[in-house]
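In what follows, a single structure is set out as structure tokens and then discussed.
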2 protein chains.
Amino acid sequence: MEARVNVITLAVSDLQRALEFYRDGLGLKSSGIIGTEFVGDEVFPPGAVAMFQLDGGLILAVWPRANLARDANLPLSAPSACEFSIGHVVGSREEVDAVLAQAAAAGATVTDAGRERPWGIYSGYFQDPDGHLWEILFNPQPDWSVPHL
Amino acid sequence: MEARVNVITLAVSDLQRALEFYRDGLGLKSSGIIGTEFVGDEVFPPGAVAMFQLDGGLILAVWPRANLARDANLPLSAPSACEFSIGHVVGSREEVDAVLAQAAAAGATVTDAGRERPWGIYSGYFQDPDGHLWEILFNPQPDWSVPHL
């Protein structure tokens, strides 16, 4: 396998809410909800999805949880907020705090405000409306190979 | 917020197993487990982590679930496999099948073998040893803005 990730698909309970959070609240570019022509059948889930174009060609997608489970052939399970986090690096401590504030204003829950961590970064976390964790972080060290950036 | 993701951190139950799966099984480059000098205290979790350098500067990290929960100031919850998926795009249907086979040989569970999906892609899913979903996909359409790639 090549060392490549092209898409991060987040399972959501309300597609429109997720679109509005990431597009209107955080300012990510999106064409809105697409794929509504794929209505689903006995074999496949509906295809309606929203995508956000990120730097470097990476795509962030939001897709209803039940549809992801069906597409992957998995039973639906209760949500868990401790499965993963998405790390977003910024240029200063002030910018960490500003992004956390922006997320909170958009409806996110800041679970841990910006603070210094033992491994040399300043970071804080928010959960999107579906509980998915983002860590906003500033690493003052030029060596990006240090733990946790 | 800028349209940028720098890190994807996966919560794992066994750091060594996760390292071996991604490094030895899937062939991703890693310096192994680092940050062991951060032993944790009453405030912060231990810092031991493994990271994998992906194309475009993206980092895939594996970190014990309990430590992620503590760092984010969240209660630990039962794992859920339906929170997200990571999409990995390859150049052909045969390559989809080959990556799924490689993952299975490395200890992954293929939950859905490669097949055509209504939105025009050929894809299959595997779960890593901690249940995290990867979708390996081929999109024969040149227009990458189509749903689900």
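FYI, nothing fancy with the structure tokens labels: chains A, B, ... in order, residues from 1 per chain, ligands from 1 as they appear.
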
8 Å contact set for Ala113 (chain B), only C-alpha atoms, chain neighbours under 5 positions out, as number ranges by chain:
B: 97, 100, 123-125

Could you turn the residues from that selection into a file that holds C-alpha atoms, as an mmCIF file, in the first residue's frame?
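What follows is the written file again-v3.cif:
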```
data_model
loop_
_atom_site.group_PDB
_atom_site.id
_atom_site.type_symbol
_atom_site.label_atom_id
_atom_site.label_comp_id
_atom_site.auth_asym_id
_atom_site.auth_seq_id
_atom_site.Cartn_x
_atom_site.Cartn_y
_atom_site.Cartn_z
ATOM 1 C CA ASP B 97 -8.255 -6.108 -4.421
ATOM 2 C CA LEU B 100 -7.424 -5.482 0.615
ATOM 3 C CA SER B 123 -14.162 -0.163 -3.615
ATOM 4 C CA GLY B 124 -13.897 -2.409 -0.599
ATOM 5 C CA TYR B 125 -13.390 -1.889 3.116
#
```

Least-squares fit of chain A onto chain B (C-alpha, ordered pairing) as a compact mmCIF listing (two decimals) with N, CA and C atoms, in the first residue's frame:
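Output (superposed24.txt):
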```txt
# COMPACT_ATOMS: atom_id res chain seq x y z
N MET A 1 -10.71 29.12 10.12
CA MET A 1 -9.83 27.96 10.07
C MET A 1 -9.40 27.68 8.64
N GLU A 2 -8.14 27.40 8.47
CA GLU A 2 -7.63 27.02 7.16
C GLU A 2 -8.11 25.61 6.79
N ALA A 3 -8.13 25.33 5.49
CA ALA A 3 -8.63 24.03 5.01
C ALA A 3 -7.51 23.00 5.02
N ARG A 4 -7.16 22.59 6.22
CA ARG A 4 -5.93 21.81 6.35
C ARG A 4 -6.08 20.73 7.42
N VAL A 5 -5.65 19.54 7.09
CA VAL A 5 -5.51 18.47 8.08
C VAL A 5 -4.05 18.03 8.06
N ASN A 6 -3.42 18.01 9.22
CA ASN A 6 -2.02 17.63 9.30
C ASN A 6 -1.80 16.24 9.87
N VAL A 7 -2.71 15.82 10.71
CA VAL A 7 -2.53 14.55 11.44
C VAL A 7 -3.86 13.82 11.52
N ILE A 8 -3.81 12.51 11.37
CA ILE A 8 -4.94 11.65 11.70
C ILE A 8 -4.45 10.72 12.80
N THR A 9 -5.02 10.87 13.98
CA THR A 9 -4.60 10.03 15.11
C THR A 9 -5.66 8.98 15.36
N LEU A 10 -5.26 7.73 15.27
CA LEU A 10 -6.18 6.61 15.50
C LEU A 10 -6.00 6.09 16.92
N ALA A 11 -7.11 5.92 17.62
CA ALA A 11 -7.07 5.37 18.97
C ALA A 11 -6.90 3.87 18.88
N VAL A 12 -5.97 3.33 19.65
CA VAL A 12 -5.70 1.89 19.58
C VAL A 12 -5.65 1.30 20.99
N SER A 13 -5.83 0.00 21.04
CA SER A 13 -5.78 -0.65 22.35
C SER A 13 -4.40 -1.24 22.63
N ASP A 14 -3.61 -1.43 21.59
CA ASP A 14 -2.28 -2.04 21.73
C ASP A 14 -1.36 -1.32 20.75
N LEU A 15 -0.50 -0.48 21.31
CA LEU A 15 0.34 0.38 20.47
C LEU A 15 1.30 -0.44 19.61
N GLN A 16 1.91 -1.44 20.20
CA GLN A 16 2.87 -2.26 19.45
C GLN A 16 2.19 -2.99 18.30
N ARG A 17 1.00 -3.51 18.57
CA ARG A 17 0.26 -4.22 17.51
C ARG A 17 -0.09 -3.26 16.37
N ALA A 18 -0.51 -2.06 16.73
CA ALA A 18 -0.87 -1.08 15.70
C ALA A 18 0.35 -0.67 14.87
N LEU A 19 1.47 -0.49 15.56
CA LEU A 19 2.72 -0.18 14.85
C LEU A 19 3.06 -1.28 13.86
N GLU A 20 2.98 -2.51 14.32
CA GLU A 20 3.35 -3.62 13.45
C GLU A 20 2.39 -3.77 12.27
N PHE A 21 1.12 -3.52 12.53
CA PHE A 21 0.15 -3.61 11.43
C PHE A 21 0.47 -2.59 10.35
N TYR A 22 0.63 -1.34 10.73
CA TYR A 22 0.81 -0.30 9.72
C TYR A 22 2.22 -0.28 9.12
N ARG A 23 3.22 -0.58 9.96
CA ARG A 23 4.60 -0.54 9.46
C ARG A 23 4.97 -1.83 8.73
N ASP A 24 4.80 -2.95 9.42
CA ASP A 24 5.25 -4.21 8.85
C ASP A 24 4.21 -4.80 7.90
N GLY A 25 2.94 -4.62 8.23
CA GLY A 25 1.89 -5.22 7.42
C GLY A 25 1.56 -4.41 6.19
N LEU A 26 1.41 -3.09 6.37
CA LEU A 26 1.04 -2.25 5.23
C LEU A 26 2.22 -1.52 4.62
N GLY A 27 3.35 -1.53 5.30
CA GLY A 27 4.56 -0.96 4.70
C GLY A 27 4.72 0.54 4.86
N LEU A 28 4.02 1.13 5.81
CA LEU A 28 4.18 2.57 6.04
C LEU A 28 5.44 2.83 6.87
N LYS A 29 6.12 3.91 6.53
CA LYS A 29 7.38 4.24 7.21
C LYS A 29 7.11 4.86 8.59
N SER A 30 7.88 4.39 9.57
CA SER A 30 7.72 4.90 10.93
C SER A 30 9.03 4.81 11.67
N SER A 31 9.23 5.72 12.61
CA SER A 31 10.38 5.63 13.50
C SER A 31 10.09 4.75 14.69
N GLY A 32 8.95 4.10 14.70
CA GLY A 32 8.60 3.22 15.81
C GLY A 32 7.93 4.00 16.93
N ILE A 33 7.89 3.41 18.07
CA ILE A 33 7.24 4.06 19.21
C ILE A 33 8.17 5.11 19.78
N ILE A 34 7.70 6.33 19.83
CA ILE A 34 8.49 7.44 20.35
C ILE A 34 7.71 8.09 21.49
N GLY A 35 8.36 8.98 22.18
CA GLY A 35 7.67 9.72 23.24
C GLY A 35 7.54 8.93 24.54
N THR A 36 8.30 7.84 24.67
CA THR A 36 8.16 7.03 25.89
C THR A 36 8.71 7.75 27.12
N GLU A 37 9.46 8.83 26.88
CA GLU A 37 9.98 9.59 28.02
C GLU A 37 8.88 10.39 28.72
N PHE A 38 7.73 10.51 28.07
CA PHE A 38 6.61 11.22 28.68
C PHE A 38 5.73 10.17 29.38
N VAL A 39 5.98 10.00 30.66
CA VAL A 39 5.39 8.86 31.37
C VAL A 39 3.99 9.15 31.89
N GLY A 40 3.57 10.42 31.80
CA GLY A 40 2.24 10.76 32.29
C GLY A 40 2.25 11.14 33.75
N ASP A 41 1.22 11.86 34.15
CA ASP A 41 1.08 12.27 35.55
C ASP A 41 -0.40 12.45 35.85
N GLU A 42 -0.73 13.18 36.89
CA GLU A 42 -2.14 13.34 37.26
C GLU A 42 -2.89 14.17 36.22
N VAL A 43 -2.15 14.99 35.51
CA VAL A 43 -2.81 15.91 34.57
C VAL A 43 -2.81 15.37 33.15
N PHE A 44 -1.67 14.83 32.73
CA PHE A 44 -1.52 14.43 31.33
C PHE A 44 -1.30 12.92 31.19
N PRO A 45 -1.75 12.37 30.08
CA PRO A 45 -1.52 10.94 29.84
C PRO A 45 -0.07 10.70 29.39
N PRO A 46 0.36 9.46 29.38
CA PRO A 46 1.66 9.15 28.80
C PRO A 46 1.71 9.56 27.33
N GLY A 47 2.92 9.81 26.82
CA GLY A 47 3.05 10.35 25.48
C GLY A 47 3.48 9.35 24.42
N ALA A 48 3.68 8.10 24.79
CA ALA A 48 4.17 7.13 23.80
C ALA A 48 3.20 7.01 22.63
N VAL A 49 3.74 7.09 21.43
CA VAL A 49 2.95 7.17 20.21
C VAL A 49 3.76 6.62 19.07
N ALA A 50 3.11 6.20 18.00
CA ALA A 50 3.84 5.87 16.78
C ALA A 50 3.24 6.68 15.64
N MET A 51 4.10 7.16 14.77
CA MET A 51 3.67 8.00 13.66
C MET A 51 4.16 7.43 12.34
N PHE A 52 3.39 7.68 11.31
CA PHE A 52 3.71 7.23 9.96
C PHE A 52 3.63 8.44 9.03
N GLN A 53 4.68 8.63 8.27
CA GLN A 53 4.74 9.77 7.36
C GLN A 53 4.04 9.41 6.06
N LEU A 54 3.02 10.19 5.73
CA LEU A 54 2.28 9.94 4.49
C LEU A 54 2.64 10.99 3.44
N ASP A 55 2.22 10.74 2.23
CA ASP A 55 2.45 11.69 1.15
C ASP A 55 1.85 13.05 1.51
N GLY A 56 2.52 14.10 1.03
CA GLY A 56 1.99 15.44 1.22
C GLY A 56 2.18 15.99 2.62
N GLY A 57 2.99 15.30 3.43
CA GLY A 57 3.26 15.81 4.77
C GLY A 57 2.26 15.38 5.82
N LEU A 58 1.23 14.68 5.39
CA LEU A 58 0.23 14.20 6.34
C LEU A 58 0.85 13.14 7.26
N ILE A 59 0.45 13.16 8.52
CA ILE A 59 0.95 12.17 9.48
C ILE A 59 -0.21 11.31 9.96
N LEU A 60 -0.01 10.02 9.93
CA LEU A 60 -0.92 9.08 10.57
C LEU A 60 -0.29 8.68 11.89
N ALA A 61 -1.04 8.81 12.97
CA ALA A 61 -0.51 8.46 14.29
C ALA A 61 -1.41 7.42 14.93
N VAL A 62 -0.82 6.57 15.75
CA VAL A 62 -1.60 5.63 16.57
C VAL A 62 -1.25 5.89 18.03
N TRP A 63 -2.29 5.99 18.83
CA TRP A 63 -2.11 6.41 20.23
C TRP A 63 -3.12 5.64 21.06
N PRO A 64 -2.71 5.16 22.23
CA PRO A 64 -3.67 4.40 23.04
C PRO A 64 -4.96 5.19 23.29
N ARG A 65 -6.06 4.50 23.16
CA ARG A 65 -7.38 5.11 23.28
C ARG A 65 -7.55 5.88 24.60
N ALA A 66 -7.12 5.26 25.70
CA ALA A 66 -7.29 5.90 27.00
C ALA A 66 -6.50 7.20 27.08
N ASN A 67 -5.36 7.25 26.39
CA ASN A 67 -4.54 8.45 26.43
C ASN A 67 -5.16 9.56 25.60
N LEU A 68 -5.71 9.19 24.46
CA LEU A 68 -6.41 10.19 23.65
C LEU A 68 -7.59 10.76 24.44
N ALA A 69 -8.34 9.88 25.08
CA ALA A 69 -9.50 10.35 25.85
C ALA A 69 -9.04 11.31 26.95
N ARG A 70 -7.98 10.95 27.66
CA ARG A 70 -7.50 11.83 28.74
C ARG A 70 -7.00 13.14 28.19
N ASP A 71 -6.25 13.08 27.10
CA ASP A 71 -5.67 14.30 26.53
C ASP A 71 -6.76 15.25 26.07
N ALA A 72 -7.85 14.68 25.56
CA ALA A 72 -8.96 15.51 25.06
C ALA A 72 -9.96 15.83 26.16
N ASN A 73 -9.70 15.29 27.36
CA ASN A 73 -10.59 15.57 28.49
C ASN A 73 -11.99 14.98 28.27
N LEU A 74 -11.99 13.76 27.78
CA LEU A 74 -13.26 13.07 27.52
C LEU A 74 -13.30 11.77 28.31
N PRO A 75 -14.49 11.34 28.71
CA PRO A 75 -14.60 10.02 29.30
C PRO A 75 -14.34 8.95 28.24
N LEU A 76 -13.74 7.88 28.67
CA LEU A 76 -13.49 6.78 27.75
C LEU A 76 -14.82 6.11 27.39
N SER A 77 -15.03 5.84 26.13
CA SER A 77 -16.28 5.19 25.73
C SER A 77 -15.95 3.90 24.98
N ALA A 78 -16.94 3.05 24.87
CA ALA A 78 -16.75 1.80 24.17
C ALA A 78 -16.43 2.08 22.70
N PRO A 79 -15.54 1.29 22.13
CA PRO A 79 -15.18 1.52 20.72
C PRO A 79 -16.37 1.42 19.78
N SER A 80 -16.30 2.16 18.71
CA SER A 80 -17.31 2.09 17.65
C SER A 80 -16.60 2.09 16.31
N ALA A 81 -16.99 1.20 15.44
CA ALA A 81 -16.34 1.10 14.14
C ALA A 81 -16.99 1.98 13.08
N CYS A 82 -18.05 2.66 13.45
CA CYS A 82 -18.83 3.41 12.45
C CYS A 82 -18.67 4.92 12.60
N GLU A 83 -17.54 5.37 13.09
CA GLU A 83 -17.35 6.82 13.29
C GLU A 83 -16.75 7.51 12.07
N PHE A 84 -15.97 6.79 11.31
CA PHE A 84 -15.25 7.43 10.20
C PHE A 84 -14.67 6.34 9.32
N SER A 85 -14.27 6.73 8.13
CA SER A 85 -13.43 5.85 7.33
C SER A 85 -12.36 6.69 6.67
N ILE A 86 -11.26 6.03 6.38
CA ILE A 86 -10.15 6.67 5.68
C ILE A 86 -10.17 6.15 4.25
N GLY A 87 -10.20 7.06 3.29
CA GLY A 87 -10.26 6.67 1.90
C GLY A 87 -8.88 6.68 1.25
N HIS A 88 -8.55 5.57 0.63
CA HIS A 88 -7.25 5.41 -0.03
C HIS A 88 -7.52 5.09 -1.49
N VAL A 89 -7.13 6.01 -2.37
CA VAL A 89 -7.44 5.87 -3.79
C VAL A 89 -6.29 5.17 -4.50
N VAL A 90 -6.64 4.18 -5.31
CA VAL A 90 -5.64 3.48 -6.11
C VAL A 90 -6.04 3.55 -7.59
N GLY A 91 -5.17 2.97 -8.43
CA GLY A 91 -5.31 3.20 -9.86
C GLY A 91 -6.12 2.19 -10.65
N SER A 92 -6.56 1.13 -10.02
CA SER A 92 -7.29 0.10 -10.76
C SER A 92 -8.08 -0.78 -9.79
N ARG A 93 -9.04 -1.51 -10.35
CA ARG A 93 -9.79 -2.48 -9.54
C ARG A 93 -8.87 -3.55 -8.96
N GLU A 94 -7.91 -3.97 -9.78
CA GLU A 94 -6.99 -5.01 -9.33
C GLU A 94 -6.19 -4.53 -8.11
N GLU A 95 -5.86 -3.23 -8.13
CA GLU A 95 -5.08 -2.70 -7.02
C GLU A 95 -5.94 -2.60 -5.76
N VAL A 96 -7.22 -2.32 -5.93
CA VAL A 96 -8.13 -2.35 -4.77
C VAL A 96 -8.06 -3.73 -4.13
N ASP A 97 -8.24 -4.74 -4.96
CA ASP A 97 -8.24 -6.11 -4.43
C ASP A 97 -6.89 -6.47 -3.79
N ALA A 98 -5.82 -6.00 -4.40
CA ALA A 98 -4.49 -6.33 -3.89
C ALA A 98 -4.25 -5.69 -2.53
N VAL A 99 -4.68 -4.44 -2.37
CA VAL A 99 -4.48 -3.77 -1.07
C VAL A 99 -5.34 -4.42 0.00
N LEU A 100 -6.57 -4.80 -0.35
CA LEU A 100 -7.42 -5.50 0.61
C LEU A 100 -6.78 -6.82 1.03
N ALA A 101 -6.19 -7.51 0.06
CA ALA A 101 -5.53 -8.78 0.37
C ALA A 101 -4.31 -8.57 1.25
N GLN A 102 -3.56 -7.52 0.96
CA GLN A 102 -2.39 -7.19 1.78
C GLN A 102 -2.81 -6.90 3.21
N ALA A 103 -3.88 -6.11 3.34
CA ALA A 103 -4.37 -5.77 4.68
C ALA A 103 -4.83 -7.02 5.43
N ALA A 104 -5.55 -7.88 4.72
CA ALA A 104 -6.02 -9.12 5.36
C ALA A 104 -4.84 -9.97 5.83
N ALA A 105 -3.82 -10.04 4.99
CA ALA A 105 -2.64 -10.82 5.35
C ALA A 105 -1.93 -10.23 6.56
N ALA A 106 -2.10 -8.92 6.74
CA ALA A 106 -1.45 -8.23 7.86
C ALA A 106 -2.29 -8.29 9.12
N GLY A 107 -3.48 -8.87 9.04
CA GLY A 107 -4.30 -9.01 10.23
C GLY A 107 -5.58 -8.19 10.23
N ALA A 108 -5.84 -7.49 9.14
CA ALA A 108 -7.08 -6.71 9.04
C ALA A 108 -8.26 -7.63 8.74
N THR A 109 -9.44 -7.10 8.96
CA THR A 109 -10.67 -7.80 8.60
C THR A 109 -11.30 -7.10 7.41
N VAL A 110 -11.42 -7.81 6.31
CA VAL A 110 -12.10 -7.23 5.15
C VAL A 110 -13.60 -7.37 5.40
N THR A 111 -14.27 -6.24 5.60
CA THR A 111 -15.71 -6.29 5.91
C THR A 111 -16.54 -6.30 4.65
N ASP A 112 -15.99 -5.76 3.57
CA ASP A 112 -16.73 -5.74 2.31
C ASP A 112 -15.72 -5.80 1.18
N ALA A 113 -15.76 -6.87 0.43
CA ALA A 113 -14.79 -7.06 -0.65
C ALA A 113 -15.01 -6.02 -1.74
N GLY A 114 -14.02 -5.85 -2.59
CA GLY A 114 -14.13 -4.89 -3.67
C GLY A 114 -15.34 -5.16 -4.56
N ARG A 115 -16.11 -4.12 -4.83
CA ARG A 115 -17.25 -4.24 -5.75
C ARG A 115 -17.61 -2.87 -6.28
N GLU A 116 -18.38 -2.86 -7.36
CA GLU A 116 -18.85 -1.61 -7.94
C GLU A 116 -19.90 -1.01 -7.02
N ARG A 117 -19.84 0.29 -6.82
CA ARG A 117 -20.83 1.02 -6.01
C ARG A 117 -21.66 1.90 -6.94
N PRO A 118 -22.88 2.22 -6.52
CA PRO A 118 -23.77 2.96 -7.43
C PRO A 118 -23.20 4.29 -7.91
N TRP A 119 -22.35 4.92 -7.10
CA TRP A 119 -21.82 6.24 -7.45
C TRP A 119 -20.58 6.17 -8.32
N GLY A 120 -20.34 5.02 -8.90
CA GLY A 120 -19.34 4.96 -9.96
C GLY A 120 -17.94 4.56 -9.55
N ILE A 121 -17.77 4.15 -8.32
CA ILE A 121 -16.44 3.69 -7.91
C ILE A 121 -16.46 2.19 -7.67
N TYR A 122 -15.27 1.62 -7.69
CA TYR A 122 -15.07 0.23 -7.26
C TYR A 122 -14.31 0.32 -5.96
N SER A 123 -14.84 -0.28 -4.90
CA SER A 123 -14.16 -0.17 -3.61
C SER A 123 -14.50 -1.32 -2.69
N GLY A 124 -13.68 -1.47 -1.67
CA GLY A 124 -13.91 -2.41 -0.59
C GLY A 124 -13.38 -1.81 0.70
N TYR A 125 -13.76 -2.42 1.80
CA TYR A 125 -13.38 -1.90 3.11
C TYR A 125 -12.62 -2.94 3.91
N PHE A 126 -11.66 -2.45 4.70
CA PHE A 126 -11.11 -3.29 5.76
C PHE A 126 -11.11 -2.53 7.07
N GLN A 127 -11.08 -3.29 8.15
CA GLN A 127 -10.89 -2.73 9.48
C GLN A 127 -9.50 -3.08 9.97
N ASP A 128 -8.81 -2.10 10.52
CA ASP A 128 -7.51 -2.38 11.11
C ASP A 128 -7.72 -3.16 12.42
N PRO A 129 -6.66 -3.59 13.10
CA PRO A 129 -6.86 -4.43 14.29
C PRO A 129 -7.68 -3.76 15.40
N ASP A 130 -7.83 -2.44 15.33
CA ASP A 130 -8.67 -1.75 16.31
C ASP A 130 -10.05 -1.41 15.77
N GLY A 131 -10.37 -1.91 14.60
CA GLY A 131 -11.71 -1.71 14.05
C GLY A 131 -11.87 -0.49 13.16
N HIS A 132 -10.80 0.27 12.98
CA HIS A 132 -10.92 1.49 12.17
C HIS A 132 -11.04 1.13 10.69
N LEU A 133 -11.96 1.81 10.05
CA LEU A 133 -12.30 1.49 8.66
C LEU A 133 -11.41 2.21 7.65
N TRP A 134 -10.95 1.45 6.70
CA TRP A 134 -10.31 2.02 5.51
C TRP A 134 -11.12 1.57 4.29
N GLU A 135 -11.40 2.53 3.41
CA GLU A 135 -12.00 2.18 2.13
C GLU A 135 -10.93 2.32 1.05
N ILE A 136 -10.69 1.24 0.35
CA ILE A 136 -9.72 1.26 -0.76
C ILE A 136 -10.55 1.37 -2.03
N LEU A 137 -10.28 2.38 -2.83
CA LEU A 137 -11.20 2.67 -3.92
C LEU A 137 -10.49 3.06 -5.20
N PHE A 138 -11.15 2.70 -6.27
CA PHE A 138 -10.73 3.11 -7.61
C PHE A 138 -11.88 3.87 -8.25
N ASN A 139 -11.55 5.05 -8.76
CA ASN A 139 -12.56 5.87 -9.42
C ASN A 139 -12.22 6.00 -10.89
N PRO A 140 -12.95 5.31 -11.75
CA PRO A 140 -12.60 5.35 -13.18
C PRO A 140 -12.94 6.67 -13.85
N GLN A 141 -13.67 7.52 -13.14
CA GLN A 141 -14.07 8.79 -13.74
C GLN A 141 -13.00 9.84 -13.51
N PRO A 142 -12.72 10.61 -14.54
CA PRO A 142 -11.66 11.61 -14.37
C PRO A 142 -12.11 12.77 -13.48
N ASP A 143 -13.40 12.93 -13.28
CA ASP A 143 -13.91 14.07 -12.51
C ASP A 143 -13.99 13.68 -11.04
N TRP A 144 -13.06 14.18 -10.28
CA TRP A 144 -12.98 13.80 -8.88
C TRP A 144 -14.02 14.46 -8.00
N SER A 145 -14.83 15.28 -8.60
CA SER A 145 -15.85 15.95 -7.78
C SER A 145 -17.11 15.10 -7.66
N VAL A 146 -17.11 13.93 -8.32
CA VAL A 146 -18.29 13.09 -8.23
C VAL A 146 -18.42 12.54 -6.80
N PRO A 147 -19.63 12.22 -6.41
CA PRO A 147 -19.86 11.73 -5.05
C PRO A 147 -18.94 10.57 -4.70
N HIS A 148 -18.47 10.57 -3.47
CA HIS A 148 -17.64 9.49 -2.95
C HIS A 148 -16.40 9.27 -3.78
N LEU A 149 -15.93 10.35 -4.40
CA LEU A 149 -14.83 10.31 -5.37
C LEU A 149 -15.25 9.64 -6.65
```

Backbone DSSP call of alpha helix (DSSP H) for chain A, listed as a PyMOL selection string:
chain A and resi 15-19+65-71+93-105

Selection export as a tab-separated table (two decimals), in the first residue's frame, atoms kept: C-alpha atoms:
```
chain	number	residue	atom	x	y	z
A	15	LEU	CA	-25.97	15.74	7.06
A	16	GLN	CA	-27.30	19.28	6.74
A	17	ARG	CA	-26.08	20.19	10.22
A	18	ALA	CA	-22.63	18.80	9.47
A	19	LEU	CA	-22.48	20.70	6.19
A	65	ARG	CA	-23.48	7.08	10.03
A	66	ALA	CA	-26.05	4.45	9.03
A	67	ASN	CA	-24.99	4.75	5.40
A	68	LEU	CA	-21.32	4.36	6.19
A	69	ALA	CA	-22.11	1.29	8.27
A	70	ARG	CA	-24.18	-0.24	5.46
A	71	ASP	CA	-21.60	0.59	2.80
A	93	ARG	CA	-0.83	29.83	20.50
A	94	GLU	CA	-3.15	32.73	19.75
A	95	GLU	CA	-4.27	31.01	16.57
A	96	VAL	CA	-5.02	27.82	18.51
A	97	ASP	CA	-7.28	29.79	20.80
A	98	ALA	CA	-8.89	31.63	17.88
A	99	VAL	CA	-9.75	28.43	16.01
A	100	LEU	CA	-11.19	26.87	19.16
A	101	ALA	CA	-13.30	29.99	19.65
A	102	GLN	CA	-14.44	29.90	16.03
A	103	ALA	CA	-15.42	26.26	16.40
A	104	ALA	CA	-17.30	26.96	19.62
A	105	ALA	CA	-19.16	29.81	17.95
```

Could you pull out the strand (DSSP E or B) residues of region 31-122 of chain A from DSSP and send them as an MDAnalysis selection string?
chainID A and resid 31:34 49:53 59:64 84:90 109:116 122

N, CA and C atoms of the current selection, written as a tab-separated table (two decimals), in the first residue's frame:
```
chain	number	residue	atom	x	y	z
A	31	SER	N	-19.34	22.02	-2.21
A	31	SER	CA	-20.42	22.17	-3.18
A	31	SER	C	-21.77	21.83	-2.57
A	32	GLY	N	-21.80	21.59	-1.29
A	32	GLY	CA	-23.06	21.26	-0.62
A	32	GLY	C	-23.34	19.77	-0.69
A	33	ILE	N	-24.55	19.42	-0.45
A	33	ILE	CA	-24.93	18.01	-0.46
A	33	ILE	C	-25.08	17.55	-1.89
A	34	ILE	N	-24.32	16.54	-2.25
A	34	ILE	CA	-24.36	15.99	-3.60
A	34	ILE	C	-24.70	14.50	-3.51
A	49	VAL	N	-24.08	13.00	0.24
A	49	VAL	CA	-22.84	13.24	0.98
A	49	VAL	C	-22.46	14.70	0.80
A	50	ALA	N	-21.65	15.22	1.70
A	50	ALA	CA	-21.07	16.54	1.47
A	50	ALA	C	-19.56	16.42	1.60
A	51	MET	N	-18.85	17.12	0.74
A	51	MET	CA	-17.39	17.04	0.72
A	51	MET	C	-16.79	18.43	0.83
A	52	PHE	N	-15.62	18.48	1.42
A	52	PHE	CA	-14.88	19.72	1.60
A	52	PHE	C	-13.47	19.51	1.06
A	53	GLN	N	-13.05	20.42	0.21
A	53	GLN	CA	-11.74	20.30	-0.41
A	53	GLN	C	-10.70	20.91	0.52
A	59	ILE	N	-9.63	15.29	0.83
A	59	ILE	CA	-11.06	15.57	0.91
A	59	ILE	C	-11.58	15.17	2.28
A	60	LEU	N	-12.31	16.07	2.89
A	60	LEU	CA	-13.07	15.76	4.10
A	60	LEU	C	-14.51	15.56	3.67
A	61	ALA	N	-15.09	14.43	4.06
A	61	ALA	CA	-16.47	14.14	3.69
A	61	ALA	C	-17.29	13.89	4.95
A	62	VAL	N	-18.56	14.22	4.88
A	62	VAL	CA	-19.50	13.88	5.96
A	62	VAL	C	-20.62	13.05	5.34
A	63	TRP	N	-20.91	11.95	6.01
A	63	TRP	CA	-21.85	10.97	5.44
A	63	TRP	C	-22.64	10.38	6.60
A	64	PRO	N	-23.94	10.19	6.42
A	64	PRO	CA	-24.73	9.65	7.54
A	64	PRO	C	-24.14	8.33	8.06
A	84	PHE	N	-10.67	8.57	17.32
A	84	PHE	CA	-9.65	9.24	16.51
A	84	PHE	C	-9.69	10.73	16.80
A	85	SER	N	-8.65	11.42	16.40
A	85	SER	CA	-8.72	12.87	16.35
A	85	SER	C	-8.04	13.34	15.08
A	86	ILE	N	-8.48	14.50	14.64
A	86	ILE	CA	-7.89	15.13	13.47
A	86	ILE	C	-7.04	16.29	13.96
A	87	GLY	N	-5.77	16.29	13.57
A	87	GLY	CA	-4.86	17.32	14.02
A	87	GLY	C	-4.73	18.45	13.00
A	88	HIS	N	-4.92	19.65	13.47
A	88	HIS	CA	-4.85	20.84	12.61
A	88	HIS	C	-3.79	21.76	13.19
A	89	VAL	N	-2.70	21.94	12.45
A	89	VAL	CA	-1.57	22.70	12.95
A	89	VAL	C	-1.70	24.16	12.55
A	90	VAL	N	-1.49	25.05	13.51
A	90	VAL	CA	-1.51	26.48	13.24
A	90	VAL	C	-0.18	27.10	13.69
A	109	THR	N	-18.11	21.77	20.70
A	109	THR	CA	-17.86	21.74	22.13
A	109	THR	C	-16.36	21.69	22.36
A	110	VAL	N	-15.84	22.71	23.01
A	110	VAL	CA	-14.41	22.69	23.35
A	110	VAL	C	-14.26	21.81	24.59
A	111	THR	N	-13.63	20.66	24.43
A	111	THR	CA	-13.50	19.72	25.56
A	111	THR	C	-12.27	20.04	26.39
A	112	ASP	N	-11.28	20.65	25.76
A	112	ASP	CA	-10.05	20.99	26.49
A	112	ASP	C	-9.47	22.25	25.86
A	113	ALA	N	-9.44	23.31	26.62
A	113	ALA	CA	-8.96	24.58	26.09
A	113	ALA	C	-7.47	24.49	25.79
A	114	GLY	N	-6.98	25.43	25.01
A	114	GLY	CA	-5.58	25.44	24.65
A	114	GLY	C	-4.67	25.48	25.88
A	115	ARG	N	-3.68	24.61	25.91
A	115	ARG	CA	-2.70	24.61	27.00
A	115	ARG	C	-1.44	23.91	26.54
A	116	GLU	N	-0.36	24.14	27.28
A	116	GLU	CA	0.91	23.49	26.97
A	116	GLU	C	0.80	22.01	27.34
A	122	TYR	N	1.44	23.34	22.18
A	122	TYR	CA	0.30	24.02	22.80
A	122	TYR	C	-0.91	23.60	21.98
```
